[in-house]
Amino acid sequence: MSPPPPPLGRSRRKGGRSDHAFDPALDDTELIDVRDQFAQGRWTRARSLLVATGADWDRRGHRVLALAAVPSAAGWARDWLLAEPGSPDATTLLACATVARAQRPKAAADETGPAREACLAAAALHPADPTPWLGLMALERTHGTPEETARHFEEIRARHPEHHHAHHLMTAALAEARPESDPLHEVYDFAAWAAEQAPADSPLAVLPVVAHAERYRVLAAAGAVSDDPAASGHWSGRRARQVMKAAFDWWLEWEREDHPRHRADLNFLAHAKTCEGRPAEAAALFHRIGSHATEAPWSYAGRDPYPAFLAARGLALGAP
């Protein structure tokens with residue numbers, strides 16, 4: 001009998017990549033409907049959606065970034081501003097759309113400066129809103145320095161201490177320091193601190209698992225550990241067992257299906273349980289994930305993310 005396929009699929013380092021498109025809207029059906037209309041220039045529904053979202057900062061950031069990812073978002077946001085000059089929502093959406101354009105693989109180098117200026121203008125127009133700073137933080141992750149990323153993170157925390165997306169970005173940034181194995185790496189302290197500071201029902205309880213996955217991404221890319229999770233040892237040590245048990249127990253007790261980035265947490269948990277070799281626990285998570293796969297962390301260790309997700313789900317659910 002031939003051995004089973006690797007649970008995360010094979011590394012894509014020597015091959016191509018599937019053309020599956022991951023949807024940043026995740027399971028936000030209202031957002032998906034509005035985004036489809038926004039892509040055709042009907043920005044009034046986007047306006048109503050953001051007004052209704054109000055000061056739910058995690059949801060606002062999630063929705064603004066998903067709308068900003070529409071290729072024509074900057075043009076439609078400018079049309080909105082022509083109709084409503086000085087609109088904080090339109091200005092923030094335009095700023096995040098310019099960030100999305102500056103992060104395209106073939107973006108010109110001179111697009112970064114205007115994106116920063118647009119985010120700062122949006123932040124000045126709506127000082128309480130962390131979303132322009134989230135756009136800036138995402139921009140600095142790819143075009144700036146670790147110090148700038150950390151500074152923008154603090155601006156976000158000053159406005160919303162539990163900001164989910166910002167904590168994920170900061171964890172990924174911290175994990176990239178010193179690409180050699182270190183069980184006492186500072187990213188673990190950061191993730192544990194953030195989880196402890198948050199309320200009991202906060203999804204930041206999953207952040208230590210995110211930190212462990214981000215370190216695996218960095219270490220596997222540097223060749224410091226095997227890109228085979230079972231052979232790497234990264235998922236079988238004491239720290240791995242502790243963080244994964246704590247996060248899984250939190251999910252069983254406090255599952256936050258109402259959070260806009262809930263599926264992102266579930267993907268990290270399912271990936272961790274797969275790497276740990278616990279497919280039965282991963283199966284419960286895959287049932288909740290449904291079709292809402294996320295690129296991270298399935299792309300880690302050089303893998304083509306969607307086939308890796310499908311392979312892990314198939315193993316967990318017993319599919320052929």
# chains A, B, ... in the order shown; residues from 1 in each chain; ligands from 1

$ residues_around --residues "region 55-68 of chain A" --least-positions-apart "3" --cutoff "10 Å" --atoms "only C-alpha atoms" --output "ChimeraX atom specification"
/A:23-26,28,30-32,34-36,38-39,46,49-52,71-74,77,89-90,92-101,128-135,156,159-160,162-166,258-261

$ residues_around --residues "region 308-318 of chain A" --least-positions-apart "5" --cutoff "7 Å" --atoms "only C-alpha atoms" --output "ChimeraX atom specification"
/A:7-9,274,279-280,282-283,286,298,303

$ atom_distance --atom1 "CA of Asp79 (chain A)" --atom2 "CA of Arg45 (chain A)"
13.5 Å

$ closest_residue --among "A:Pro297, A:Gly237, A:Pro199, A:Pro146" --to "Met170 (chain A)" --atoms "only C-alpha atoms"
A:Pro146

$ atom_distance --atom1 "CA of Thr91 (chain A)" --atom2 "CA of Ala122 (chain A)"
5.5 Å

$ residues_around --residues "Arg141 (chain A)" --least-positions-apart "4" --cutoff "9 Å" --atoms "only C-alpha atoms" --output "JSON, numbers by chain"
{"A": [136, 137, 145, 146, 148, 149, 169, 170, 173]}

$ write_last_selection --atoms "C-alpha atoms" --output "PDB file, in the first residue's frame"
ATOM      1  CA  LEU A 136      -0.564  52.475   6.983  1.00  0.00           C
ATOM      2  CA  MET A 137       0.510  49.469   9.012  1.00  0.00           C
ATOM      3  CA  THR A 145      10.588  49.422   8.486  1.00  0.00           C
ATOM      4  CA  PRO A 146       9.772  47.333  11.581  1.00  0.00           C
ATOM      5  CA  GLU A 148       7.255  52.193  11.476  1.00  0.00           C
ATOM      6  CA  THR A 149       5.079  49.090  11.605  1.00  0.00           C
ATOM      7  CA  LEU A 169       0.040  42.010  11.349  1.00  0.00           C
ATOM      8  CA  MET A 170       2.215  42.821  14.361  1.00  0.00           C
ATOM      9  CA  ALA A 173       6.223  41.331  11.723  1.00  0.00           C
TER      10      ALA A 173
END

$ residues_around --residues "Asp227 (chain A)" --least-positions-apart "3" --cutoff "8 Å" --atoms "only C-alpha atoms" --output "list in words"
Ser11, Ala220, Ala231, Ser232, Ala301 and Gly302 of chain A

$ write_last_selection --atoms "C-alpha atoms" --output "PDB file, in the first residue's frame"
ATOM      1  CA  SER A  11       5.930  22.404  -1.375  1.00  0.00           C
ATOM      2  CA  ALA A 220      10.996  27.058   7.162  1.00  0.00           C
ATOM      3  CA  ALA A 231       9.767  16.251  10.575  1.00  0.00           C
ATOM      4  CA  SER A 232      10.319  19.837  11.715  1.00  0.00           C
ATOM      5  CA  ALA A 301       6.576  26.430   4.282  1.00  0.00           C
ATOM      6  CA  GLY A 302       6.406  27.193   0.567  1.00  0.00           C
TER       7      GLY A 302
END

$ select_by_dssp --residues "region 83-316 of chain A" --states "helix (DSSP H, G or I)" --output "PyMOL selection string"
chain A and resi 83+88-102+109-125+131-143+146-159+164-175+186-197+203-222+229-232+238-254+262-276+279-289+295-298+300-302+305-316

$ atom_distance --atom1 "CA of Ala138 (chain A)" --atom2 "CA of Leu125 (chain A)"
19.6 Å

$ closest_residue --among "A:Gln103, A:His271, A:Glu154, A:Leu266" --to "Pro305 (chain A)" --atoms "only C-alpha atoms"
A:His271

$ closest_residue --among "A:Gly75, A:Pro114, A:Pro203, A:Pro85" --to "Asp265 (chain A)" --atoms "only C-alpha atoms"
A:Pro203

$ residues_around --residues "Thr294 (chain A)" --least-positions-apart "6" --cutoff "7 Å" --atoms "only C-alpha atoms" --output "list in words"
Phe22, Ala264 and Asn267 of chain A

$ residues_around --residues "His234 (chain A)" --least-positions-apart "6" --cutoff "12 Å" --atoms "only C-alpha atoms" --output "list of chain:residue names"
A:Ser181, A:Asp182, A:Pro183, A:Val209, A:His212, A:Ala213, A:Glu214, A:Arg215, A:Tyr216, A:Arg217, A:Val218, A:Leu219, A:Ala220, A:Ala224, A:Val225, A:Ser226, A:Asp227, A:Asp228, A:Ala240, A:Arg241, A:Ala272, A:Cys275, A:Glu276, A:Gly277, A:Ala301

$ decode --residues "region 295-307 of chain A" --atoms "all heavy atoms" --output "compact mmCIF listing (two decimals), in the first residue's frame"
# COMPACT_ATOMS: atom_id res chain seq x y z
N GLU A 295 -5.54 32.39 2.73
CA GLU A 295 -4.22 32.06 2.19
C GLU A 295 -3.23 31.75 3.30
O GLU A 295 -2.45 30.81 3.21
CB GLU A 295 -3.72 33.19 1.31
CG GLU A 295 -2.41 32.87 0.62
CD GLU A 295 -2.04 33.88 -0.44
OE1 GLU A 295 -2.77 34.88 -0.60
OE2 GLU A 295 -1.01 33.67 -1.12
N ALA A 296 -3.22 32.58 4.34
CA ALA A 296 -2.38 32.31 5.51
C ALA A 296 -3.22 31.51 6.52
O ALA A 296 -4.38 31.83 6.74
CB ALA A 296 -1.92 33.62 6.14
N PRO A 297 -2.64 30.45 7.09
CA PRO A 297 -1.25 30.01 7.03
C PRO A 297 -0.99 28.85 6.06
O PRO A 297 0.08 28.24 6.12
CB PRO A 297 -1.02 29.55 8.47
CG PRO A 297 -2.34 28.92 8.83
CD PRO A 297 -3.39 29.75 8.15
N TRP A 298 -1.97 28.53 5.19
CA TRP A 298 -1.80 27.35 4.34
C TRP A 298 -0.66 27.52 3.33
O TRP A 298 -0.15 26.52 2.80
CB TRP A 298 -3.11 27.04 3.61
CG TRP A 298 -4.22 26.81 4.58
CD1 TRP A 298 -5.26 27.66 4.87
CD2 TRP A 298 -4.39 25.67 5.44
NE1 TRP A 298 -6.06 27.11 5.84
CE2 TRP A 298 -5.56 25.89 6.21
CE3 TRP A 298 -3.68 24.48 5.62
CZ2 TRP A 298 -6.01 24.98 7.15
CZ3 TRP A 298 -4.12 23.56 6.55
CH2 TRP A 298 -5.27 23.81 7.31
N SER A 299 -0.24 28.76 3.07
CA SER A 299 0.86 28.99 2.14
C SER A 299 2.23 28.83 2.80
O SER A 299 3.25 28.86 2.11
CB SER A 299 0.75 30.40 1.56
OG SER A 299 0.86 31.38 2.58
N TYR A 300 2.26 28.68 4.12
CA TYR A 300 3.54 28.65 4.83
C TYR A 300 4.34 27.40 4.49
O TYR A 300 3.78 26.39 4.08
CB TYR A 300 3.32 28.77 6.33
CG TYR A 300 2.73 30.10 6.77
CD1 TYR A 300 2.40 30.35 8.08
CD2 TYR A 300 2.50 31.13 5.83
CE1 TYR A 300 1.86 31.57 8.47
CE2 TYR A 300 1.97 32.34 6.22
CZ TYR A 300 1.64 32.55 7.54
OH TYR A 300 1.10 33.76 7.92
N ALA A 301 5.63 27.49 4.65
CA ALA A 301 6.58 26.43 4.28
C ALA A 301 6.57 26.19 2.77
O ALA A 301 6.80 25.07 2.31
CB ALA A 301 6.30 25.14 5.05
N GLY A 302 6.28 27.25 2.01
CA GLY A 302 6.41 27.19 0.57
C GLY A 302 5.32 26.43 -0.15
O GLY A 302 5.52 25.95 -1.27
N ARG A 303 4.14 26.32 0.48
CA ARG A 303 3.09 25.51 -0.13
C ARG A 303 2.11 26.32 -0.95
O ARG A 303 1.89 27.50 -0.69
CB ARG A 303 2.35 24.72 0.96
CG ARG A 303 3.19 23.53 1.41
CD ARG A 303 2.58 22.75 2.52
NE ARG A 303 3.28 21.48 2.66
CZ ARG A 303 4.50 21.34 3.16
NH1 ARG A 303 5.14 22.41 3.62
NH2 ARG A 303 5.08 20.17 3.21
N ASP A 304 1.53 25.66 -1.91
CA ASP A 304 0.43 26.24 -2.68
C ASP A 304 -0.78 26.18 -1.76
O ASP A 304 -1.24 25.09 -1.40
CB ASP A 304 0.22 25.41 -3.94
CG ASP A 304 -0.70 26.11 -4.94
OD1 ASP A 304 -1.46 26.99 -4.51
OD2 ASP A 304 -0.66 25.75 -6.12
N PRO A 305 -1.31 27.31 -1.33
CA PRO A 305 -2.25 27.30 -0.20
C PRO A 305 -3.55 26.55 -0.40
O PRO A 305 -3.99 25.84 0.51
CB PRO A 305 -2.49 28.79 0.07
CG PRO A 305 -2.10 29.50 -1.18
CD PRO A 305 -1.00 28.68 -1.78
N TYR A 306 -4.18 26.69 -1.56
CA TYR A 306 -5.49 26.04 -1.68
C TYR A 306 -5.37 24.52 -1.74
O TYR A 306 -6.12 23.81 -1.05
CB TYR A 306 -6.25 26.59 -2.88
CG TYR A 306 -7.71 26.22 -2.84
CD1 TYR A 306 -8.52 26.60 -1.76
CD2 TYR A 306 -8.30 25.48 -3.86
CE1 TYR A 306 -9.86 26.25 -1.70
CE2 TYR A 306 -9.64 25.13 -3.82
CZ TYR A 306 -10.41 25.51 -2.73
OH TYR A 306 -11.74 25.16 -2.68
N PRO A 307 -4.46 23.96 -2.54
CA PRO A 307 -4.29 22.50 -2.46
C PRO A 307 -3.89 22.03 -1.06
O PRO A 307 -4.31 20.95 -0.63
CB PRO A 307 -3.18 22.23 -3.48
CG PRO A 307 -3.29 23.34 -4.47
CD PRO A 307 -3.67 24.54 -3.65
